[in-house]
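As stored in work05.pdb (PDB, N, CA, C and O atoms):
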```pdb
ATOM      1  N   MET A  28      22.119  -4.877   1.331
ATOM      2  CA  MET A  28      21.015  -4.022   1.655
ATOM      3  C   MET A  28      19.730  -4.840   1.602
ATOM      4  O   MET A  28      19.510  -5.630   0.707
ATOM      5  N   LYS A  29      18.867  -4.634   2.595
ATOM      6  CA  LYS A  29      17.601  -5.352   2.657
ATOM      7  C   LYS A  29      16.544  -4.615   1.833
ATOM      8  O   LYS A  29      16.479  -3.402   1.839
ATOM      9  N   THR A  30      15.712  -5.383   1.133
ATOM     10  CA  THR A  30      14.650  -4.804   0.313
ATOM     11  C   THR A  30      13.482  -4.370   1.186
ATOM     12  O   THR A  30      13.063  -5.091   2.075
ATOM     13  N   MET A  31      12.962  -3.178   0.918
ATOM     14  CA  MET A  31      11.783  -2.681   1.630
ATOM     15  C   MET A  31      10.548  -3.135   0.867
ATOM     16  O   MET A  31      10.437  -2.940  -0.340
ATOM     17  N   ASP A  32       9.618  -3.766   1.575
ATOM     18  CA  ASP A  32       8.383  -4.243   0.965
ATOM     19  C   ASP A  32       7.303  -3.183   1.102
ATOM     20  O   ASP A  32       6.995  -2.741   2.209
ATOM     21  N   LEU A  33       6.734  -2.760  -0.028
ATOM     22  CA  LEU A  33       5.587  -1.865  -0.034
ATOM     23  C   LEU A  33       4.367  -2.685  -0.412
ATOM     24  O   LEU A  33       4.376  -3.396  -1.414
ATOM     25  N   HIS A  34       3.338  -2.602   0.385
ATOM     26  CA  HIS A  34       2.110  -3.346   0.132
ATOM     27  C   HIS A  34       1.047  -2.377  -0.348
ATOM     28  O   HIS A  34       0.834  -1.335   0.248
ATOM     29  N   CYS A  35       0.391  -2.733  -1.437
ATOM     30  CA  CYS A  35      -0.581  -1.837  -2.057
ATOM     31  C   CYS A  35      -1.833  -2.631  -2.418
ATOM     32  O   CYS A  35      -1.728  -3.763  -2.890
ATOM     33  N   ASP A  36      -3.019  -2.030  -2.195
ATOM     34  CA  ASP A  36      -4.261  -2.714  -2.553
ATOM     35  C   ASP A  36      -4.828  -2.208  -3.879
ATOM     36  O   ASP A  36      -5.977  -2.428  -4.193
ATOM     37  N   ASN A  37      -3.986  -1.548  -4.677
ATOM     38  CA  ASN A  37      -4.420  -1.005  -5.959
ATOM     39  C   ASN A  37      -3.564  -1.628  -7.071
ATOM     40  O   ASN A  37      -2.405  -1.260  -7.249
ATOM     41  N   LYS A  38      -4.152  -2.579  -7.796
ATOM     42  CA  LYS A  38      -3.401  -3.288  -8.843
ATOM     43  C   LYS A  38      -2.948  -2.342  -9.957
ATOM     44  O   LYS A  38      -1.882  -2.512 -10.519
ATOM     45  N   THR A  39      -3.751  -1.334 -10.258
ATOM     46  CA  THR A  39      -3.385  -0.381 -11.304
ATOM     47  C   THR A  39      -2.141   0.400 -10.916
ATOM     48  O   THR A  39      -1.241   0.604 -11.732
ATOM     49  N   ALA A  40      -2.055   0.834  -9.669
ATOM     50  CA  ALA A  40      -0.873   1.560  -9.196
ATOM     51  C   ALA A  40       0.379   0.696  -9.308
ATOM     52  O   ALA A  40       1.443   1.174  -9.712
ATOM     53  N   ILE A  41       0.258  -0.586  -8.979
ATOM     54  CA  ILE A  41       1.400  -1.503  -9.085
ATOM     55  C   ILE A  41       1.819  -1.659 -10.540
ATOM     56  O   ILE A  41       3.005  -1.635 -10.870
ATOM     57  N   MET A  42       0.841  -1.782 -11.464
ATOM     58  CA  MET A  42       1.164  -1.920 -12.886
ATOM     59  C   MET A  42       1.849  -0.661 -13.418
ATOM     60  O   MET A  42       2.788  -0.748 -14.205
ATOM     61  N   ILE A  43       1.390   0.509 -12.986
ATOM     62  CA  ILE A  43       1.999   1.766 -13.441
ATOM     63  C   ILE A  43       3.450   1.850 -12.990
ATOM     64  O   ILE A  43       4.319   2.264 -13.747
ATOM     65  N   VAL A  44       3.724   1.445 -11.766
ATOM     66  CA  VAL A  44       5.091   1.506 -11.250
ATOM     67  C   VAL A  44       6.014   0.562 -12.012
ATOM     68  O   VAL A  44       7.167   0.887 -12.273
ATOM     69  N   HIS A  45       5.516  -0.603 -12.385
ATOM     70  CA  HIS A  45       6.349  -1.603 -13.056
ATOM     71  C   HIS A  45       6.453  -1.419 -14.563
ATOM     72  O   HIS A  45       7.315  -2.027 -15.190
ATOM     73  N   ASN A  46       5.609  -0.593 -15.172
ATOM     74  CA  ASN A  46       5.586  -0.461 -16.622
ATOM     75  C   ASN A  46       6.036   0.950 -17.028
ATOM     76  O   ASN A  46       5.252   1.886 -16.978
ATOM     77  N   PRO A  47       7.287   1.108 -17.469
ATOM     78  CA  PRO A  47       7.783   2.439 -17.810
ATOM     79  C   PRO A  47       7.053   3.088 -18.989
ATOM     80  O   PRO A  47       6.966   4.306 -19.062
ATOM     81  N   ILE A  48       6.498   2.321 -19.911
ATOM     82  CA  ILE A  48       5.780   2.885 -21.046
ATOM     83  C   ILE A  48       4.484   3.526 -20.573
ATOM     84  O   ILE A  48       4.107   4.600 -21.015
ATOM     85  N   GLN A  49       3.813   2.880 -19.641
ATOM     86  CA  GLN A  49       2.572   3.424 -19.105
ATOM     87  C   GLN A  49       2.843   4.719 -18.322
ATOM     88  O   GLN A  49       1.999   5.590 -18.257
ATOM     89  N   HIS A  50       4.031   4.851 -17.756
ATOM     90  CA  HIS A  50       4.401   6.080 -17.041
ATOM     91  C   HIS A  50       4.302   7.289 -17.958
ATOM     92  O   HIS A  50       3.869   8.355 -17.547
ATOM     93  N   ASP A  51       4.734   7.135 -19.198
ATOM     94  CA  ASP A  51       4.744   8.249 -20.141
ATOM     95  C   ASP A  51       3.336   8.705 -20.512
ATOM     96  O   ASP A  51       3.154   9.812 -20.992
ATOM     97  N   ARG A  52       2.355   7.857 -20.330
ATOM     98  CA  ARG A  52       0.978   8.203 -20.662
ATOM     99  C   ARG A  52       0.268   8.944 -19.531
ATOM    100  O   ARG A  52      -0.834   9.420 -19.708
ATOM    101  N   MET A  53       0.901   9.012 -18.394
ATOM    102  CA  MET A  53       0.285   9.668 -17.233
ATOM    103  C   MET A  53       0.280  11.175 -17.438
ATOM    104  O   MET A  53       1.278  11.756 -17.823
ATOM    105  N   LYS A  54      -0.850  11.804 -17.168
ATOM    106  CA  LYS A  54      -0.940  13.257 -17.307
ATOM    107  C   LYS A  54      -0.245  13.966 -16.157
ATOM    108  O   LYS A  54       0.440  14.953 -16.351
ATOM    109  N   HIS A  55      -0.442  13.475 -14.955
ATOM    110  CA  HIS A  55       0.095  14.131 -13.779
ATOM    111  C   HIS A  55       1.325  13.362 -13.302
ATOM    112  O   HIS A  55       1.209  12.282 -12.754
ATOM    113  N   VAL A  56       2.479  13.918 -13.541
ATOM    114  CA  VAL A  56       3.735  13.252 -13.191
ATOM    115  C   VAL A  56       4.162  13.722 -11.806
ATOM    116  O   VAL A  56       4.226  14.912 -11.533
ATOM    117  N   GLU A  57       4.446  12.791 -10.949
ATOM    118  CA  GLU A  57       4.889  13.086  -9.594
ATOM    119  C   GLU A  57       6.355  12.695  -9.443
ATOM    120  O   GLU A  57       6.809  11.710 -10.013
ATOM    121  N   VAL A  58       7.084  13.458  -8.660
ATOM    122  CA  VAL A  58       8.489  13.134  -8.367
ATOM    123  C   VAL A  58       8.559  11.810  -7.621
ATOM    124  O   VAL A  58       9.468  11.011  -7.826
ATOM    125  N   ASP A  59       7.568  11.544  -6.759
ATOM    126  CA  ASP A  59       7.547  10.300  -5.984
ATOM    127  C   ASP A  59       7.576   9.075  -6.891
ATOM    128  O   ASP A  59       8.221   8.082  -6.579
ATOM    129  N   ARG A  60       6.892   9.138  -8.024
ATOM    130  CA  ARG A  60       6.841   8.003  -8.941
ATOM    131  C   ARG A  60       8.229   7.692  -9.488
ATOM    132  O   ARG A  60       8.628   6.537  -9.581
ATOM    133  N   PHE A  61       8.981   8.747  -9.815
ATOM    134  CA  PHE A  61      10.344   8.538 -10.311
ATOM    135  C   PHE A  61      11.236   7.965  -9.220
ATOM    136  O   PHE A  61      12.056   7.091  -9.468
ATOM    137  N   PHE A  62      11.082   8.447  -8.007
ATOM    138  CA  PHE A  62      11.856   7.947  -6.869
ATOM    139  C   PHE A  62      11.581   6.468  -6.650
ATOM    140  O   PHE A  62      12.507   5.666  -6.497
ATOM    141  N   ILE A  63      10.297   6.092  -6.652
ATOM    142  CA  ILE A  63       9.935   4.691  -6.437
ATOM    143  C   ILE A  63      10.436   3.822  -7.581
ATOM    144  O   ILE A  63      11.008   2.756  -7.368
ATOM    145  N   ARG A  64      10.259   4.279  -8.824
ATOM    146  CA  ARG A  64      10.711   3.507  -9.981
ATOM    147  C   ARG A  64      12.217   3.274  -9.934
ATOM    148  O   ARG A  64      12.702   2.174 -10.192
ATOM    149  N   GLU A  65      12.966   4.317  -9.607
ATOM    150  CA  GLU A  65      14.422   4.206  -9.519
ATOM    151  C   GLU A  65      14.824   3.184  -8.458
ATOM    152  O   GLU A  65      15.729   2.371  -8.683
ATOM    153  N   ASN A  66      14.166   3.188  -7.326
ATOM    154  CA  ASN A  66      14.503   2.258  -6.250
ATOM    155  C   ASN A  66      14.019   0.838  -6.522
ATOM    156  O   ASN A  66      14.627  -0.114  -6.047
ATOM    157  N   ILE A  67      12.957   0.689  -7.307
ATOM    158  CA  ILE A  67      12.555  -0.654  -7.736
ATOM    159  C   ILE A  67      13.612  -1.228  -8.665
ATOM    160  O   ILE A  67      13.996  -2.388  -8.552
ATOM    161  N   ASP A  68      14.115  -0.401  -9.601
ATOM    162  CA  ASP A  68      15.160  -0.852 -10.525
ATOM    163  C   ASP A  68      16.433  -1.246  -9.784
ATOM    164  O   ASP A  68      17.125  -2.183 -10.178
ATOM    165  N   LYS A  69      16.752  -0.546  -8.704
ATOM    166  CA  LYS A  69      17.941  -0.855  -7.898
ATOM    167  C   LYS A  69      17.729  -2.079  -7.012
ATOM    168  O   LYS A  69      18.683  -2.627  -6.478
ATOM    169  N   GLY A  70      16.477  -2.485  -6.837
ATOM    170  CA  GLY A  70      16.175  -3.616  -5.958
ATOM    171  C   GLY A  70      16.006  -3.218  -4.503
ATOM    172  O   GLY A  70      15.993  -4.073  -3.627
ATOM    173  N   CYS A  71      15.869  -1.925  -4.247
ATOM    174  CA  CYS A  71      15.689  -1.447  -2.868
ATOM    175  C   CYS A  71      14.250  -1.592  -2.391
ATOM    176  O   CYS A  71      13.990  -1.700  -1.197
ATOM    177  N   ILE A  72      13.306  -1.552  -3.328
ATOM    178  CA  ILE A  72      11.880  -1.607  -2.999
ATOM    179  C   ILE A  72      11.234  -2.728  -3.796
ATOM    180  O   ILE A  72      11.536  -2.913  -4.967
ATOM    181  N   SER A  73      10.346  -3.455  -3.150
ATOM    182  CA  SER A  73       9.517  -4.415  -3.881
ATOM    183  C   SER A  73       8.058  -4.078  -3.592
ATOM    184  O   SER A  73       7.697  -3.726  -2.477
ATOM    185  N   PHE A  74       7.238  -4.146  -4.627
ATOM    186  CA  PHE A  74       5.816  -3.846  -4.532
ATOM    187  C   PHE A  74       5.061  -5.152  -4.529
ATOM    188  O   PHE A  74       5.282  -6.009  -5.371
ATOM    189  N   SER A  75       4.159  -5.324  -3.597
ATOM    190  CA  SER A  75       3.326  -6.523  -3.625
ATOM    191  C   SER A  75       1.875  -6.145  -3.361
ATOM    192  O   SER A  75       1.590  -5.164  -2.684
ATOM    193  N   PHE A  76       0.979  -6.933  -3.917
ATOM    194  CA  PHE A  76      -0.452  -6.689  -3.782
ATOM    195  C   PHE A  76      -0.951  -7.275  -2.476
ATOM    196  O   PHE A  76      -0.541  -8.353  -2.061
ATOM    197  N   VAL A  77      -1.814  -6.549  -1.807
ATOM    198  CA  VAL A  77      -2.480  -7.047  -0.604
ATOM    199  C   VAL A  77      -3.969  -6.737  -0.750
ATOM    200  O   VAL A  77      -4.348  -5.672  -1.241
ATOM    201  N   LYS A  78      -4.807  -7.695  -0.397
ATOM    202  CA  LYS A  78      -6.246  -7.483  -0.499
ATOM    203  C   LYS A  78      -6.656  -6.340   0.428
ATOM    204  O   LYS A  78      -6.066  -6.132   1.485
ATOM    205  N   SER A  79      -7.670  -5.602   0.031
ATOM    206  CA  SER A  79      -8.125  -4.453   0.817
ATOM    207  C   SER A  79      -8.475  -4.831   2.247
ATOM    208  O   SER A  79      -8.178  -4.097   3.184
ATOM    209  N   GLU A  80      -9.097  -5.994   2.436
ATOM    210  CA  GLU A  80      -9.484  -6.375   3.800
ATOM    211  C   GLU A  80      -8.282  -6.716   4.682
ATOM    212  O   GLU A  80      -8.401  -6.760   5.900
ATOM    213  N   ASP A  81      -7.126  -6.942   4.061
ATOM    214  CA  ASP A  81      -5.903  -7.215   4.829
ATOM    215  C   ASP A  81      -5.039  -5.968   5.014
ATOM    216  O   ASP A  81      -3.984  -6.033   5.635
ATOM    217  N   GLN A  82      -5.473  -4.850   4.477
ATOM    218  CA  GLN A  82      -4.724  -3.594   4.564
ATOM    219  C   GLN A  82      -5.003  -2.958   5.933
ATOM    220  O   GLN A  82      -6.061  -2.395   6.174
ATOM    221  N   LEU A  83      -4.056  -3.069   6.858
ATOM    222  CA  LEU A  83      -4.279  -2.633   8.232
ATOM    223  C   LEU A  83      -4.522  -1.132   8.355
ATOM    224  O   LEU A  83      -5.259  -0.687   9.228
ATOM    225  N   ALA A  84      -3.933  -0.337   7.491
ATOM    226  CA  ALA A  84      -4.067   1.116   7.589
ATOM    227  C   ALA A  84      -5.471   1.599   7.241
ATOM    228  O   ALA A  84      -5.830   2.731   7.594
ATOM    229  N   ASP A  85      -6.280   0.766   6.612
ATOM    230  CA  ASP A  85      -7.618   1.195   6.201
ATOM    231  C   ASP A  85      -8.490   1.631   7.376
ATOM    232  O   ASP A  85      -9.324   2.521   7.227
ATOM    233  N   ILE A  86      -8.320   1.036   8.561
ATOM    234  CA  ILE A  86      -9.174   1.449   9.681
ATOM    235  C   ILE A  86      -8.841   2.870  10.138
ATOM    236  O   ILE A  86      -9.645   3.500  10.810
ATOM    237  N   LEU A  87      -7.679   3.375   9.741
ATOM    238  CA  LEU A  87      -7.290   4.731  10.111
ATOM    239  C   LEU A  87      -7.692   5.755   9.060
ATOM    240  O   LEU A  87      -7.728   6.949   9.348
ATOM    241  N   THR A  88      -7.989   5.299   7.842
ATOM    242  CA  THR A  88      -8.237   6.236   6.740
ATOM    243  C   THR A  88      -9.597   6.082   6.075
ATOM    244  O   THR A  88     -10.002   6.959   5.327
ATOM    245  N   LYS A  89     -10.307   4.967   6.313
ATOM    246  CA  LYS A  89     -11.567   4.704   5.630
ATOM    247  C   LYS A  89     -12.610   4.207   6.616
ATOM    248  O   LYS A  89     -12.276   3.683   7.674
ATOM    249  N   GLY A  90     -13.859   4.344   6.230
ATOM    250  CA  GLY A  90     -14.923   3.711   6.992
ATOM    251  C   GLY A  90     -15.006   2.252   6.587
ATOM    252  O   GLY A  90     -15.174   1.947   5.418
ATOM    253  N   VAL A  91     -14.830   1.352   7.527
ATOM    254  CA  VAL A  91     -14.879  -0.085   7.223
ATOM    255  C   VAL A  91     -15.975  -0.722   8.064
ATOM    256  O   VAL A  91     -16.394  -0.186   9.091
ATOM    257  N   CYS A  92     -16.441  -1.882   7.632
ATOM    258  CA  CYS A  92     -17.496  -2.574   8.373
ATOM    259  C   CYS A  92     -16.948  -3.078   9.711
ATOM    260  O   CYS A  92     -15.737  -3.169   9.915
ATOM    261  N   GLY A  93     -17.856  -3.399  10.618
ATOM    262  CA  GLY A  93     -17.478  -3.822  11.961
ATOM    263  C   GLY A  93     -16.588  -5.043  11.991
ATOM    264  O   GLY A  93     -15.663  -5.136  12.796
ATOM    265  N   ARG A  94     -16.863  -6.015  11.111
ATOM    266  CA  ARG A  94     -16.051  -7.242  11.096
ATOM    267  C   ARG A  94     -14.609  -6.932  10.749
ATOM    268  O   ARG A  94     -13.686  -7.387  11.412
ATOM    269  N   ILE A  95     -14.397  -6.137   9.679
ATOM    270  CA  ILE A  95     -13.033  -5.785   9.273
ATOM    271  C   ILE A  95     -12.365  -4.942  10.350
ATOM    272  O   ILE A  95     -11.192  -5.143  10.676
ATOM    273  N   PHE A  96     -13.116  -4.018  10.945
ATOM    274  CA  PHE A  96     -12.564  -3.183  12.006
ATOM    275  C   PHE A  96     -12.083  -4.044  13.172
ATOM    276  O   PHE A  96     -10.942  -3.915  13.634
ATOM    277  N   ASN A  97     -12.941  -4.947  13.646
ATOM    278  CA  ASN A  97     -12.568  -5.794  14.790
ATOM    279  C   ASN A  97     -11.430  -6.749  14.449
ATOM    280  O   ASN A  97     -10.535  -6.974  15.280
ATOM    281  N   ASP A  98     -11.429  -7.312  13.238
ATOM    282  CA  ASP A  98     -10.327  -8.195  12.830
ATOM    283  C   ASP A  98      -9.006  -7.435  12.800
ATOM    284  O   ASP A  98      -7.968  -7.946  13.235
ATOM    285  N   THR A  99      -9.041  -6.206  12.291
ATOM    286  CA  THR A  99      -7.824  -5.400  12.197
ATOM    287  C   THR A  99      -7.324  -4.996  13.579
ATOM    288  O   THR A  99      -6.116  -5.032  13.843
ATOM    289  N   ILE A 100      -8.233  -4.625  14.461
ATOM    290  CA  ILE A 100      -7.859  -4.288  15.837
ATOM    291  C   ILE A 100      -7.139  -5.471  16.482
ATOM    292  O   ILE A 100      -6.125  -5.314  17.161
ATOM    293  N   ASP A 101      -7.661  -6.688  16.259
ATOM    294  CA  ASP A 101      -7.016  -7.896  16.795
ATOM    295  C   ASP A 101      -5.625  -8.095  16.199
ATOM    296  O   ASP A 101      -4.670  -8.414  16.912
ATOM    297  N   LYS A 102      -5.493  -7.897  14.872
ATOM    298  CA  LYS A 102      -4.191  -8.069  14.216
ATOM    299  C   LYS A 102      -3.156  -7.079  14.742
ATOM    300  O   LYS A 102      -1.979  -7.392  14.858
ATOM    301  N   LEU A 103      -3.621  -5.858  15.050
ATOM    302  CA  LEU A 103      -2.713  -4.831  15.557
ATOM    303  C   LEU A 103      -2.416  -4.988  17.044
ATOM    304  O   LEU A 103      -1.542  -4.314  17.581
ATOM    305  N   GLY A 104      -3.125  -5.903  17.707
ATOM    306  CA  GLY A 104      -2.896  -6.131  19.136
ATOM    307  C   GLY A 104      -3.444  -5.021  20.009
ATOM    308  O   GLY A 104      -3.001  -4.841  21.141
ATOM    309  N   MET A 105      -4.425  -4.297  19.492
ATOM    310  CA  MET A 105      -5.022  -3.200  20.257
ATOM    311  C   MET A 105      -6.101  -3.774  21.169
ATOM    312  O   MET A 105      -6.791  -4.719  20.815
ATOM    313  N   ILE A 106      -6.234  -3.203  22.341
ATOM    314  CA  ILE A 106      -7.221  -3.680  23.288
ATOM    315  C   ILE A 106      -8.112  -2.522  23.736
ATOM    316  O   ILE A 106      -7.742  -1.355  23.626
ATOM    317  N   GLU A 107      -9.275  -2.842  24.243
ATOM    318  CA  GLU A 107     -10.193  -1.852  24.791
ATOM    319  C   GLU A 107      -9.774  -1.581  26.226
ATOM    320  O   GLU A 107      -9.937  -2.441  27.099
ATOM    321  N   ILE A 108      -9.202  -0.417  26.469
ATOM    322  CA  ILE A 108      -8.669  -0.120  27.803
ATOM    323  C   ILE A 108      -9.779   0.132  28.822
ATOM    324  O   ILE A 108      -9.553   0.062  30.023
ATOM    325  N   TYR A 109     -10.992   0.424  28.347
ATOM    326  CA  TYR A 109     -12.106   0.677  29.257
ATOM    327  C   TYR A 109     -12.993  -0.547  29.474
ATOM    328  O   TYR A 109     -13.977  -0.462  30.188
ATOM    329  N   ALA A 110     -12.645  -1.658  28.872
ATOM    330  CA  ALA A 110     -13.441  -2.867  29.033
ATOM    331  C   ALA A 110     -13.273  -3.396  30.449
ATOM    332  O   ALA A 110     -12.171  -3.346  31.014
ATOM    333  N   PRO A 111     -14.357  -3.907  31.054
ATOM    334  CA  PRO A 111     -14.222  -4.471  32.402
ATOM    335  C   PRO A 111     -13.325  -5.699  32.376
ATOM    336  O   PRO A 111     -13.358  -6.486  31.437
ATOM    337  N   SER A 112     -12.498  -5.817  33.375
ATOM    338  CA  SER A 112     -11.554  -6.965  33.384
ATOM    339  C   SER A 112     -12.028  -8.083  34.244
ATOM    340  O   SER A 112     -12.921  -8.081  34.958
TER     341      SER A 112
END
```
Target format structure tokens, applied to this file:
Amino acid sequence: MKTMDLHCDNKTAIMIVHNPIQHDRMKHVEVDRFFIRENIDKGCISFSFVKSEDQLADILTKGVCGRIFNDTIDKLGMIEIYAPS
């Protein structure tokens, strides 16, 4: 079975997933956290840190500066369909 890579720009979230003792201190327990923890233990999921500016989904969910927006558009291979050719 191939491992699924999850990329996260939140170091605290990664630490919570990897530290079972810290899980018990959480006030709001989600079923998703148990699912992810179980699959990390099985080796099905690996969590890795990615810098916020390299997080491609941010242009869809956050307001980002023009440089990051344009860099991300280039990485995704998106083009301006109305640009003169």
Worksheet item: DSSP on the backbone: what in chain A comes out helix (DSSP H, G or I), as a ChimeraX atom specification?
Response: /A:38-45,47-51,58-69,79-81,85-88,93-103
Item to complete: One decimal, Å: what's the distance from atom CA of Asp101 of chain A over to atom CA of Asp32 of chain A, could you say?
Response: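 Computing it gives 22.4 Å between the two atoms.
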Practice prompt. Identify all residues satisfying the PyMOL selection byres (((chain A and resi 34 and name CA) around 9) and name CA) in the given file; provide them as a PyMOL selection string.
Written response: chain A and resi 32-33+35-36+73-77+82
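If you look at atom CA of Asn46 of chain A and atom CA of Asn66 of chain A, they are 13.9 Å away from each other.
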Discussion item. What's the separation between atom CA of Ile86 of chain A and atom N of Ile100 of chain A, in Å to one decimal place?
Written reply: 7.8 Å
Item to complete: Go through chain A and collect every residue that DSSP, computed from the backbone, puts in strand (DSSP E or B); the answer should be as JSON, numbers by chain.
Response: {"A": [31, 32, 33, 34, 35, 72, 73, 74, 75, 76]}
Selected residues, N, CA, C and O atoms, written as a tab-separated table (two decimals), keeping the file's coordinate frame, please.
```tsv
chain	number	residue	atom	x	y	z
A	31	MET	N	12.96	-3.18	0.92
A	31	MET	CA	11.78	-2.68	1.63
A	31	MET	C	10.55	-3.14	0.87
A	31	MET	O	10.44	-2.94	-0.34
A	32	ASP	N	9.62	-3.77	1.58
A	32	ASP	CA	8.38	-4.24	0.96
A	32	ASP	C	7.30	-3.18	1.10
A	32	ASP	O	7.00	-2.74	2.21
A	33	LEU	N	6.73	-2.76	-0.03
A	33	LEU	CA	5.59	-1.86	-0.03
A	33	LEU	C	4.37	-2.68	-0.41
A	33	LEU	O	4.38	-3.40	-1.41
A	34	HIS	N	3.34	-2.60	0.38
A	34	HIS	CA	2.11	-3.35	0.13
A	34	HIS	C	1.05	-2.38	-0.35
A	34	HIS	O	0.83	-1.34	0.25
A	35	CYS	N	0.39	-2.73	-1.44
A	35	CYS	CA	-0.58	-1.84	-2.06
A	35	CYS	C	-1.83	-2.63	-2.42
A	35	CYS	O	-1.73	-3.76	-2.89
A	72	ILE	N	13.31	-1.55	-3.33
A	72	ILE	CA	11.88	-1.61	-3.00
A	72	ILE	C	11.23	-2.73	-3.80
A	72	ILE	O	11.54	-2.91	-4.97
A	73	SER	N	10.35	-3.46	-3.15
A	73	SER	CA	9.52	-4.42	-3.88
A	73	SER	C	8.06	-4.08	-3.59
A	73	SER	O	7.70	-3.73	-2.48
A	74	PHE	N	7.24	-4.15	-4.63
A	74	PHE	CA	5.82	-3.85	-4.53
A	74	PHE	C	5.06	-5.15	-4.53
A	74	PHE	O	5.28	-6.01	-5.37
A	75	SER	N	4.16	-5.32	-3.60
A	75	SER	CA	3.33	-6.52	-3.62
A	75	SER	C	1.88	-6.14	-3.36
A	75	SER	O	1.59	-5.16	-2.68
A	76	PHE	N	0.98	-6.93	-3.92
A	76	PHE	CA	-0.45	-6.69	-3.78
A	76	PHE	C	-0.95	-7.28	-2.48
A	76	PHE	O	-0.54	-8.35	-2.06
```
Item to complete: Would you list the contacts of Gly70 of chain A as number ranges by chain, taking every protein, DNA or RNA residue within 7 Å and counting all atoms listed in the file, but skipping same-chain residues closer than 6 positions in sequence?
Response: A: 28-31, 64
Excluding Thr99 of chain A and any residue of its chain fewer than 5 positions from it, enumerate the residues within 10 Å of it, using only C-alpha atoms, and give them as a CSV table (one decimal) with N, CA, C and O atoms, in the coordinates of the input.
```csv
chain,number,residue,atom,x,y,z
A,80,GLU,N,-9.1,-6.0,2.4
A,80,GLU,CA,-9.5,-6.4,3.8
A,80,GLU,C,-8.3,-6.7,4.7
A,80,GLU,O,-8.4,-6.8,5.9
A,81,ASP,N,-7.1,-6.9,4.1
A,81,ASP,CA,-5.9,-7.2,4.8
A,81,ASP,C,-5.0,-6.0,5.0
A,81,ASP,O,-4.0,-6.0,5.6
A,82,GLN,N,-5.5,-4.8,4.5
A,82,GLN,CA,-4.7,-3.6,4.6
A,82,GLN,C,-5.0,-3.0,5.9
A,82,GLN,O,-6.1,-2.4,6.2
A,83,LEU,N,-4.1,-3.1,6.9
A,83,LEU,CA,-4.3,-2.6,8.2
A,83,LEU,C,-4.5,-1.1,8.4
A,83,LEU,O,-5.3,-0.7,9.2
A,84,ALA,N,-3.9,-0.3,7.5
A,84,ALA,CA,-4.1,1.1,7.6
A,84,ALA,C,-5.5,1.6,7.2
A,84,ALA,O,-5.8,2.7,7.6
A,85,ASP,N,-6.3,0.8,6.6
A,85,ASP,CA,-7.6,1.2,6.2
A,85,ASP,C,-8.5,1.6,7.4
A,85,ASP,O,-9.3,2.5,7.2
A,86,ILE,N,-8.3,1.0,8.6
A,86,ILE,CA,-9.2,1.4,9.7
A,86,ILE,C,-8.8,2.9,10.1
A,86,ILE,O,-9.6,3.5,10.8
A,93,GLY,N,-17.9,-3.4,10.6
A,93,GLY,CA,-17.5,-3.8,12.0
A,93,GLY,C,-16.6,-5.0,12.0
A,93,GLY,O,-15.7,-5.1,12.8
A,94,ARG,N,-16.9,-6.0,11.1
A,94,ARG,CA,-16.1,-7.2,11.1
A,94,ARG,C,-14.6,-6.9,10.7
A,94,ARG,O,-13.7,-7.4,11.4
A,104,GLY,N,-3.1,-5.9,17.7
A,104,GLY,CA,-2.9,-6.1,19.1
A,104,GLY,C,-3.4,-5.0,20.0
A,104,GLY,O,-3.0,-4.8,21.1
A,105,MET,N,-4.4,-4.3,19.5
A,105,MET,CA,-5.0,-3.2,20.3
A,105,MET,C,-6.1,-3.8,21.2
A,105,MET,O,-6.8,-4.7,20.8
```
Fill in: Selection dump of the PyMOL selection byres (((chain A and resi 44 and name CA) around 9) and name CA), as a list in words
Thr39, Ala40, Ile41, Met42, Ile43, His45, Asn46, Pro47, Gln49, His50, Arg60, Phe61, Ile63, Arg64, Ile67 and Phe74 of chain A
Item to complete: Check the smallest atom-to-atom distance from each of A:Glu65, A:Lys102, A:Asn37, A:Tyr109 to Ser79 of chain A using all atoms listed in the file, then report the winner.
Response: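 Ranking A:Glu65, A:Lys102, A:Asn37, A:Tyr109 by distance to Ser79 of chain A, first place goes to A:Asn37.
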